[in-house]
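Participant: As input, take my_file.tsv (TSV, C-alpha atoms):
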```tsv
chain	number	residue	atom	x	y	z
A	1	MET	CA	0.00	0.00	0.00
A	2	ALA	CA	2.89	2.33	0.84
A	3	THR	CA	4.65	1.63	-2.43
A	4	ARG	CA	1.47	2.34	-4.49
A	5	GLN	CA	0.87	5.67	-2.75
A	6	SER	CA	4.48	6.73	-3.29
A	7	GLU	CA	4.24	5.87	-6.97
A	8	SER	CA	1.08	7.91	-7.38
A	9	VAL	CA	2.64	10.89	-5.60
A	10	SER	CA	5.99	10.68	-7.42
A	11	ARG	CA	4.29	10.42	-10.87
A	12	PRO	CA	5.03	13.63	-12.90
A	13	PRO	CA	2.09	15.83	-13.87
A	14	SER	CA	2.72	15.31	-17.57
A	15	GLN	CA	2.01	11.60	-17.22
A	16	THR	CA	-1.09	11.95	-15.13
A	17	PRO	CA	-4.42	11.56	-17.01
A	18	HIS	CA	-5.63	14.90	-15.60
A	19	GLY	CA	-2.53	16.92	-16.59
A	20	SER	CA	-2.23	20.34	-18.17
A	21	LEU	CA	-2.46	18.92	-21.71
A	22	HIS	CA	-5.76	17.35	-20.95
A	23	ARG	CA	-6.97	20.65	-19.37
A	24	GLN	CA	-5.99	22.59	-22.50
A	25	GLN	CA	-8.03	20.22	-24.64
A	26	GLN	CA	-11.05	20.46	-22.35
A	27	GLY	CA	-10.84	24.30	-22.12
A	28	VAL	CA	-10.91	24.62	-18.40
A	29	PRO	CA	-11.54	28.22	-17.41
A	30	GLY	CA	-8.81	30.10	-15.68
A	31	GLU	CA	-5.98	28.32	-17.59
A	32	MET	CA	-3.87	30.30	-20.09
A	33	VAL	CA	-3.46	28.46	-23.37
A	34	ALA	CA	-0.23	29.21	-25.17
A	35	GLU	CA	-0.61	29.84	-28.92
A	36	LYS	CA	1.42	27.64	-31.16
A	37	ASP	CA	3.86	29.03	-33.67
A	38	GLY	CA	2.43	29.55	-37.15
A	39	SER	CA	-1.07	30.56	-35.96
A	40	ASN	CA	-3.17	33.32	-37.61
A	41	PRO	CA	-1.42	36.74	-37.63
A	42	PRO	CA	-3.05	39.63	-35.78
A	43	LYS	CA	-5.55	41.63	-37.81
A	44	PRO	CA	-4.17	44.99	-38.95
A	45	THR	CA	-5.93	48.04	-37.61
A	46	GLY	CA	-7.12	50.95	-39.73
A	47	GLU	CA	-8.24	49.05	-42.85
A	48	ARG	CA	-12.03	49.28	-42.16
A	49	PRO	CA	-13.33	52.59	-40.70
A	50	PRO	CA	-15.91	52.31	-37.95
A	51	GLN	CA	-19.50	52.68	-39.11
A	52	GLN	CA	-21.21	55.94	-38.07
A	53	GLN	CA	-24.63	55.33	-36.61
A	54	GLN	CA	-27.37	57.88	-37.13
A	55	PRO	CA	-28.91	59.47	-34.06
A	56	LEU	CA	-32.01	57.79	-32.74
A	57	GLY	CA	-34.14	60.87	-33.37
A	58	GLN	CA	-33.29	60.93	-37.07
A	59	LEU	CA	-34.12	57.26	-37.43
A	60	ARG	CA	-37.53	57.86	-35.94
A	61	ARG	CA	-38.18	60.84	-38.21
A	62	THR	CA	-37.39	58.91	-41.34
A	63	LYS	CA	-39.68	56.05	-40.34
A	64	GLN	CA	-42.71	58.21	-39.53
A	65	GLN	CA	-45.77	57.50	-41.62
A	66	VAL	CA	-48.62	59.88	-42.32
A	67	THR	CA	-52.05	58.33	-41.91
A	68	ASP	CA	-55.64	59.37	-41.52
A	69	GLY	CA	-57.30	59.71	-38.16
A	70	PHE	CA	-59.55	57.10	-36.58
A	71	THR	CA	-57.73	54.21	-38.29
A	72	VAL	CA	-55.68	51.27	-37.05
A	73	LYS	CA	-52.44	52.87	-38.26
A	74	ALA	CA	-53.14	55.97	-36.19
A	75	MET	CA	-52.60	53.91	-33.00
A	76	MET	CA	-49.20	52.57	-34.10
A	77	ARG	CA	-45.84	54.00	-33.23
A	78	ASN	CA	-43.95	56.46	-35.47
A	79	THR	CA	-47.15	57.58	-37.20
A	80	VAL	CA	-48.34	61.14	-37.73
A	81	VAL	CA	-52.08	61.65	-37.95
A	82	ARG	CA	-53.10	63.82	-40.89
A	83	GLY	CA	-55.19	66.82	-39.86
A	84	PRO	CA	-58.77	67.39	-40.96
A	85	PRO	CA	-59.30	68.91	-44.41
A	86	VAL	CA	-60.18	72.55	-44.89
A	87	ALA	CA	-63.91	73.17	-44.59
A	88	GLY	CA	-63.91	75.73	-47.41
A	89	ALA	CA	-66.40	78.15	-45.89
A	90	PHE	CA	-64.81	81.12	-47.69
A	91	LYS	CA	-64.02	79.24	-50.91
A	92	GLU	CA	-65.66	80.60	-54.03
A	93	ARG	CA	-68.18	78.39	-55.76
A	94	PRO	CA	-68.23	77.98	-59.55
A	95	THR	CA	-70.80	79.99	-61.43
A	96	LYS	CA	-73.55	78.42	-63.49
A	97	PRO	CA	-75.25	79.73	-66.63
A	98	THR	CA	-77.98	82.16	-65.65
A	99	ALA	CA	-81.36	82.72	-67.20
A	100	PHE	CA	-80.57	86.43	-67.42
A	101	ARG	CA	-77.75	85.80	-69.91
A	102	LYS	CA	-79.96	83.52	-71.97
A	103	PHE	CA	-82.76	86.10	-72.20
A	104	TYR	CA	-80.32	88.94	-72.91
A	105	GLU	CA	-78.58	87.11	-75.75
A	106	ARG	CA	-81.98	86.23	-77.18
A	107	GLY	CA	-82.98	89.91	-77.11
A	108	ASP	CA	-85.98	89.58	-74.80
A	109	PHE	CA	-85.12	92.59	-72.61
A	110	PRO	CA	-86.24	96.06	-73.78
A	111	ILE	CA	-82.87	97.60	-72.91
A	112	ALA	CA	-79.85	99.01	-74.69
A	113	LEU	CA	-76.51	100.43	-73.63
A	114	GLU	CA	-76.24	104.21	-73.64
A	115	HIS	CA	-72.91	106.01	-73.26
A	116	ASP	CA	-73.04	109.21	-71.29
A	117	SER	CA	-70.49	111.77	-70.14
A	118	ARG	CA	-70.92	110.43	-66.60
A	119	GLY	CA	-70.55	106.79	-67.68
A	120	ASN	CA	-72.73	104.02	-69.03
A	121	LYS	CA	-76.42	103.71	-68.33
A	122	ILE	CA	-79.38	101.71	-69.56
A	123	ALA	CA	-81.63	103.11	-72.26
A	124	TRP	CA	-85.06	101.58	-71.66
A	125	LYS	CA	-87.12	101.10	-74.83
A	126	VAL	CA	-90.36	101.19	-72.81
A	127	GLU	CA	-91.43	102.99	-69.68
A	128	ILE	CA	-90.24	101.20	-66.56
A	129	GLU	CA	-93.59	101.64	-64.79
A	130	LYS	CA	-95.31	99.61	-67.52
A	131	LEU	CA	-93.04	96.56	-67.20
A	132	ASP	CA	-94.32	93.25	-65.87
A	133	TYR	CA	-92.43	93.05	-62.58
A	134	HIS	CA	-93.44	89.44	-61.96
A	135	HIS	CA	-91.57	88.48	-65.12
A	136	TYR	CA	-88.64	90.88	-65.41
A	137	LEU	CA	-87.57	91.63	-61.82
A	138	PRO	CA	-86.73	87.97	-60.88
A	139	LEU	CA	-84.76	87.66	-64.13
A	140	PHE	CA	-82.70	90.74	-63.33
A	141	PHE	CA	-82.07	89.45	-59.81
A	142	ASP	CA	-80.90	86.17	-61.35
A	143	GLY	CA	-78.24	88.20	-63.17
A	144	LEU	CA	-76.56	89.10	-59.85
A	145	CYS	CA	-74.41	85.99	-60.30
A	146	GLU	CA	-72.85	87.44	-63.46
A	147	MET	CA	-69.34	88.85	-63.23
A	148	THR	CA	-68.59	89.72	-66.87
A	149	PHE	CA	-69.49	92.79	-68.87
A	150	PRO	CA	-72.11	93.65	-70.09
A	151	TYR	CA	-74.24	91.09	-68.20
A	152	GLU	CA	-73.07	92.27	-64.79
A	153	PHE	CA	-73.73	95.93	-65.63
A	154	PHE	CA	-77.18	95.38	-67.13
A	155	ALA	CA	-78.34	93.19	-64.23
A	156	ARG	CA	-77.11	95.55	-61.51
A	157	GLN	CA	-78.26	98.78	-63.14
A	158	GLY	CA	-81.55	97.27	-64.27
A	159	ILE	CA	-82.40	96.22	-60.70
A	160	HIS	CA	-81.73	99.71	-59.33
A	161	ASP	CA	-83.81	101.32	-62.08
A	162	MET	CA	-86.76	98.97	-61.51
A	163	LEU	CA	-86.61	99.37	-57.72
A	164	GLU	CA	-86.55	103.14	-58.08
A	165	HIS	CA	-89.64	103.26	-60.29
A	166	GLY	CA	-91.44	100.12	-59.03
A	167	GLY	CA	-93.53	101.44	-56.17
A	168	ASN	CA	-96.35	99.08	-55.21
A	169	LYS	CA	-95.34	96.48	-57.82
A	170	ILE	CA	-92.31	95.35	-55.80
A	171	LEU	CA	-94.02	93.90	-52.70
A	172	PRO	CA	-95.92	91.06	-54.47
A	173	VAL	CA	-92.70	89.90	-56.19
A	174	ILE	CA	-90.65	89.45	-52.99
A	175	PRO	CA	-91.11	85.62	-52.71
A	176	GLN	CA	-89.74	85.19	-56.25
A	177	LEU	CA	-86.58	87.17	-55.42
A	178	ILE	CA	-85.37	85.01	-52.52
A	179	ILE	CA	-83.86	82.16	-54.56
A	180	PRO	CA	-81.87	84.47	-56.90
A	181	ILE	CA	-80.55	86.38	-53.87
A	182	LYS	CA	-79.60	83.15	-52.12
A	183	ASN	CA	-77.82	81.83	-55.22
A	184	ALA	CA	-75.84	85.04	-55.58
A	185	LEU	CA	-74.70	85.00	-51.94
A	186	ASN	CA	-73.85	81.29	-52.04
A	187	LEU	CA	-71.22	81.94	-54.72
A	188	ARG	CA	-69.12	83.50	-51.91
A	189	ASN	CA	-67.48	85.81	-54.41
A	190	ARG	CA	-66.48	89.11	-52.78
A	191	GLN	CA	-67.57	91.23	-55.73
A	192	VAL	CA	-70.94	89.50	-56.05
A	193	ILE	CA	-71.58	89.71	-52.29
A	194	CYS	CA	-70.91	93.46	-52.25
A	195	ILE	CA	-73.25	94.08	-55.19
A	196	THR	CA	-75.98	91.89	-53.64
A	197	LEU	CA	-75.74	93.69	-50.29
A	198	LYS	CA	-76.17	97.07	-51.96
A	199	VAL	CA	-79.19	95.72	-53.83
A	200	LEU	CA	-80.70	94.43	-50.56
A	201	GLN	CA	-80.25	97.83	-48.94
A	202	HIS	CA	-82.05	99.44	-51.88
A	203	LEU	CA	-84.75	96.77	-51.85
A	204	VAL	CA	-85.63	97.38	-48.20
A	205	VAL	CA	-86.27	101.10	-48.72
A	206	SER	CA	-87.82	100.80	-52.20
A	207	ALA	CA	-91.43	100.44	-51.02
A	208	ASP	CA	-93.55	100.13	-47.91
A	209	MET	CA	-93.76	96.78	-46.08
A	210	VAL	CA	-90.89	95.30	-48.11
A	211	GLY	CA	-88.63	95.11	-45.06
A	212	GLU	CA	-91.28	93.26	-43.08
A	213	ALA	CA	-91.95	90.92	-46.00
A	214	LEU	CA	-88.28	89.85	-45.95
A	215	VAL	CA	-88.34	88.75	-42.28
A	216	PRO	CA	-89.65	85.18	-42.94
A	217	TYR	CA	-86.82	84.66	-45.44
A	218	TYR	CA	-83.93	85.58	-43.13
A	219	ARG	CA	-82.99	81.91	-42.81
A	220	GLN	CA	-82.18	81.82	-46.53
A	221	ILE	CA	-80.35	85.16	-46.68
A	222	LEU	CA	-78.47	85.63	-43.40
A	223	PRO	CA	-76.27	82.47	-43.07
A	224	ILE	CA	-73.74	83.76	-45.62
A	225	LEU	CA	-73.79	87.17	-43.95
A	226	ASN	CA	-72.94	85.49	-40.65
A	227	ILE	CA	-69.86	83.88	-42.23
A	228	PHE	CA	-68.45	87.08	-43.73
A	229	LYS	CA	-69.57	89.47	-40.97
A	230	ASN	CA	-66.12	89.82	-39.38
A	231	MET	CA	-64.18	90.02	-42.64
A	232	ASN	CA	-62.66	93.46	-42.24
A	233	VAL	CA	-59.32	94.69	-43.51
A	234	ASN	CA	-56.92	95.32	-40.62
A	235	SER	CA	-54.81	98.06	-42.20
A	236	GLY	CA	-53.48	99.49	-38.95
A	237	ASP	CA	-52.83	103.21	-39.41
A	238	GLY	CA	-53.08	102.92	-43.21
A	239	ILE	CA	-55.90	104.03	-45.45
A	240	ASP	CA	-58.47	101.49	-46.57
A	241	TYR	CA	-59.90	102.82	-49.82
A	242	SER	CA	-62.50	100.04	-49.95
A	243	GLN	CA	-64.47	101.94	-47.31
A	244	GLN	CA	-64.71	104.96	-49.59
A	245	LYS	CA	-65.78	102.78	-52.51
A	246	ARG	CA	-68.12	100.78	-50.27
A	247	GLU	CA	-66.40	97.50	-51.05
A	248	ASN	CA	-65.60	96.40	-47.49
A	249	ILE	CA	-67.73	93.30	-46.88
A	250	GLY	CA	-67.78	93.62	-43.09
A	251	ASP	CA	-69.08	97.19	-43.15
A	252	LEU	CA	-71.64	96.42	-45.86
A	253	ILE	CA	-73.01	93.48	-43.88
A	254	GLN	CA	-73.33	95.64	-40.77
A	255	GLU	CA	-75.18	98.33	-42.74
A	256	THR	CA	-77.48	95.73	-44.31
A	257	LEU	CA	-78.37	94.15	-40.97
A	258	GLU	CA	-79.10	97.56	-39.49
A	259	ALA	CA	-81.36	98.37	-42.45
A	260	PHE	CA	-83.17	95.06	-41.94
A	261	GLU	CA	-83.76	95.91	-38.29
A	262	ARG	CA	-84.98	99.45	-38.99
A	263	TYR	CA	-87.45	98.50	-41.69
A	264	GLY	CA	-88.28	94.95	-40.62
A	265	GLY	CA	-90.71	95.69	-37.82
A	266	GLU	CA	-90.69	94.52	-34.23
A	267	ASP	CA	-89.79	90.91	-35.02
A	268	ALA	CA	-86.78	91.76	-37.16
A	269	TYR	CA	-84.18	91.96	-34.37
A	270	ILE	CA	-85.13	88.60	-32.85
A	271	ASN	CA	-84.83	86.85	-36.20
A	272	ILE	CA	-81.55	88.58	-37.05
A	273	LYS	CA	-80.11	87.68	-33.65
A	274	TYR	CA	-81.13	84.04	-34.18
A	275	MET	CA	-79.17	83.79	-37.45
A	276	VAL	CA	-76.32	86.22	-36.59
A	277	PRO	CA	-75.61	85.80	-32.85
A	278	THR	CA	-72.89	88.48	-32.75
A	279	TYR	CA	-75.18	91.22	-34.07
A	280	GLN	CA	-75.94	94.08	-31.68
A	281	SER	CA	-79.11	96.10	-32.07
A	282	CYS	CA	-78.82	99.63	-33.46
A	283	LEU	CA	-82.19	100.65	-32.01
A	284	LEU	CA	-82.26	99.10	-28.54
A	285	ASN	CA	-78.76	100.30	-27.65
```
Could the structure of this file be written out as structure tokens, please?

Facilitator:
Amino acid sequence: MATRQSESVSRPPSQTPHGSLHRQQQGVPGEMVAEKDGSNPPKPTGERPPQQQQPLGQLRRTKQQVTDGFTVKAMMRNTVVRGPPVAGAFKERPTKPTAFRKFYERGDFPIALEHDSRGNKIAWKVEIEKLDYHHYLPLFFDGLCEMTFPYEFFARQGIHDMLEHGGNKILPVIPQLIIPIKNALNLRNRQVICITLKVLQHLVVSADMVGEALVPYYRQILPILNIFKNMNVNSGDGIDYSQQKRENIGDLIQETLEAFERYGGEDAYINIKYMVPTYQSCLLN
């Protein structure tokens, strides 16, 4: 027993089955393994430059997707919800062919263009008082949508001439004038709106009871006026020449609403206030 123990102790580590060679093959941790001669040479530095990574914020910006609201994509990451489209309340509407142009080109109106030293005016071939207002006045009001010469001039000037000489013939025609007035205002053209407002101011004072006859039709006329009521030119300390020419829409709308209240009777202010909530009375205050 003593001889066997001495042999096991005196045996060199290279001959033992659990020697350093066996540990190198097994890869025991903590043991340094010497590299043999002729192994792979060290890799040279400087041949391949390090790759530059983009910042995280730029990566997110490039990956953002634009999508519509209330969709599945709107709840995902890196998505931008597209805003609502423009309502287009002030956008001009396209014009349609009017009956006034058709009748004028056909020669049904007893009018002609007369050049004067003060400008152009209409030469009526018959007396205005003898005209059939139920037939001609709605046609001239339909021409308010026209914006080209001579249709625009004949329609505007013809209305003022007929309102000036109409008298008692104007009141029975009021229901037939509402649709042409509404169509002209719904174009949302600044020039057409200004001309129509001046015509409405003349219409209210043209005959008795006309202002009161317009009160039931405020719901057809006043919505467009409510949209453009606050459209004033903020020129600061400059000069706004549209006020002198009466082309400022905000001022014209205010004058028209005040004329409606003055000549519309006791129920006019309540109906105006219902359609134009920001209007302040010119009589009660």

Participant: Find the distance between CA of Pro216 (chain A) and CA of Gln176 (chain A) and write it in Å to one decimal.

Facilitator: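 It comes out at 13.3 Å.
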
Participant: Just to confirm, what's the straight-line distance from CA of His202 (chain A) to CA of Gln220 (chain A) in Å (one decimal)?

Facilitator: 18.4 Å

Participant: Which residues are near region 130-146 of chain A? Cut-off 7 Å, only C-alpha atoms, ignore same chain within fewer than 5 positions. Put them as a ChimeraX atom specification.

Facilitator: /A:98-100,151-152,155-156,158-159,169,173,176-177,180-181,184,192,196

Participant: Measuring between only C-alpha atoms, which one of A:Ile170, A:Ile178, A:Leu257, A:Met231 shows the shortest distance to Met209 (chain A)?

Facilitator: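 Ranked by minimum distance to Met209 (chain A), first place goes to A:Ile170.
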
Participant: Would you work out the distance separating CA of Val215 (chain A) from CA of Leu284 (chain A), expressed in Å to one decimal?

Facilitator: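 Calculated distance between CA of Val215 (chain A) and CA of Leu284 (chain A) is 18.2 Å.
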
Participant: In terms of the shortest atom-to-atom distance over only C-alpha atoms, which of A:Leu197, A:Glu127, A:Ala268, A:Ser206 is closest to Gln254 (chain A)?

Facilitator: A:Leu197

Participant: Skipping near chain neighbours, those fewer than 4 positions away, what residues fall within 10 Å of Leu283 (chain A) using all atoms listed in the file, listed as a list in words?

Facilitator: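 The residues satisfying every condition are Glu258, Glu261, Arg262 and Tyr269 of chain A.
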
Participant: Around region 157-160 of chain A, fit a box with edges along x, y and z, padding it by 5 Å on each side, then list its centre and edge lengths in Å to one decimal as lines of an AutoDock Vina configuration file.

Facilitator:
```
center_x = -80.3
center_y = 98.0
center_z = -61.8
size_x = 14.1
size_y = 13.5
size_z = 14.9
```

Participant: Report as a list in words all protein, DNA and RNA residues lying within 9 Å of region 110-124 of chain A, evaluated on all atoms listed in the file, omitting residues in the same chain fewer than 4 positions from it.

Facilitator: Ile128, Pro150, Phe153, Phe154, Gln157, Gly158 and Asp161 of chain A

Participant: Would you save the residues of that selection, restricted to C-alpha atoms, as a PDB file, in the frame of the given file?

Facilitator:
```pdb
ATOM      1  CA  ILE A 128     -90.240 101.200 -66.560  1.00  0.00           C
ATOM      2  CA  PRO A 150     -72.110  93.650 -70.090  1.00  0.00           C
ATOM      3  CA  PHE A 153     -73.730  95.930 -65.630  1.00  0.00           C
ATOM      4  CA  PHE A 154     -77.180  95.380 -67.130  1.00  0.00           C
ATOM      5  CA  GLN A 157     -78.260  98.780 -63.140  1.00  0.00           C
ATOM      6  CA  GLY A 158     -81.550  97.270 -64.270  1.00  0.00           C
ATOM      7  CA  ASP A 161     -83.810 101.320 -62.080  1.00  0.00           C
TER       8      ASP A 161
END
```

Participant: Hey, which of A:Ile249, A:Ala74, A:Leu171, A:Cys282 ends up closest to Cys194 (chain A)? Count all atoms listed in the file.

Facilitator: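 When distances to Cys194 (chain A) are compared using all atoms listed in the file, the smallest one comes from A:Ile249.
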
Participant: Within 12 Å of (-53.1, 61.3, -38.6) (coordinates as in the file), grab all the protein and nucleic acid residues, counting only C-alpha atoms, and write them out as a VMD selection string.

Facilitator: chain A and resid 64 to 85

Participant: Could you pull the residues within 8 Å of Val276 (chain A), counting all atoms listed in the file, minus those fewer than 2 positions along the same chain, as a PyMOL selection string?

Facilitator: chain A and resi 222-223+225-226+272-274+278-279

Participant: Save out the residues we just selected, C-alpha atoms, as a short mmCIF file (atom, residue, chain, number, x, y, z; two decimals), keeping the file's coordinate frame.

Facilitator:
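Result file selection_11.cif:
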```cif
data_model
loop_
_atom_site.label_atom_id
_atom_site.label_comp_id
_atom_site.auth_asym_id
_atom_site.auth_seq_id
_atom_site.Cartn_x
_atom_site.Cartn_y
_atom_site.Cartn_z
CA LEU A 222 -78.47 85.63 -43.40
CA PRO A 223 -76.27 82.47 -43.07
CA LEU A 225 -73.79 87.17 -43.95
CA ASN A 226 -72.94 85.49 -40.65
CA ILE A 272 -81.55 88.58 -37.05
CA LYS A 273 -80.11 87.68 -33.65
CA TYR A 274 -81.13 84.04 -34.18
CA THR A 278 -72.89 88.48 -32.75
CA TYR A 279 -75.18 91.22 -34.07
#
```
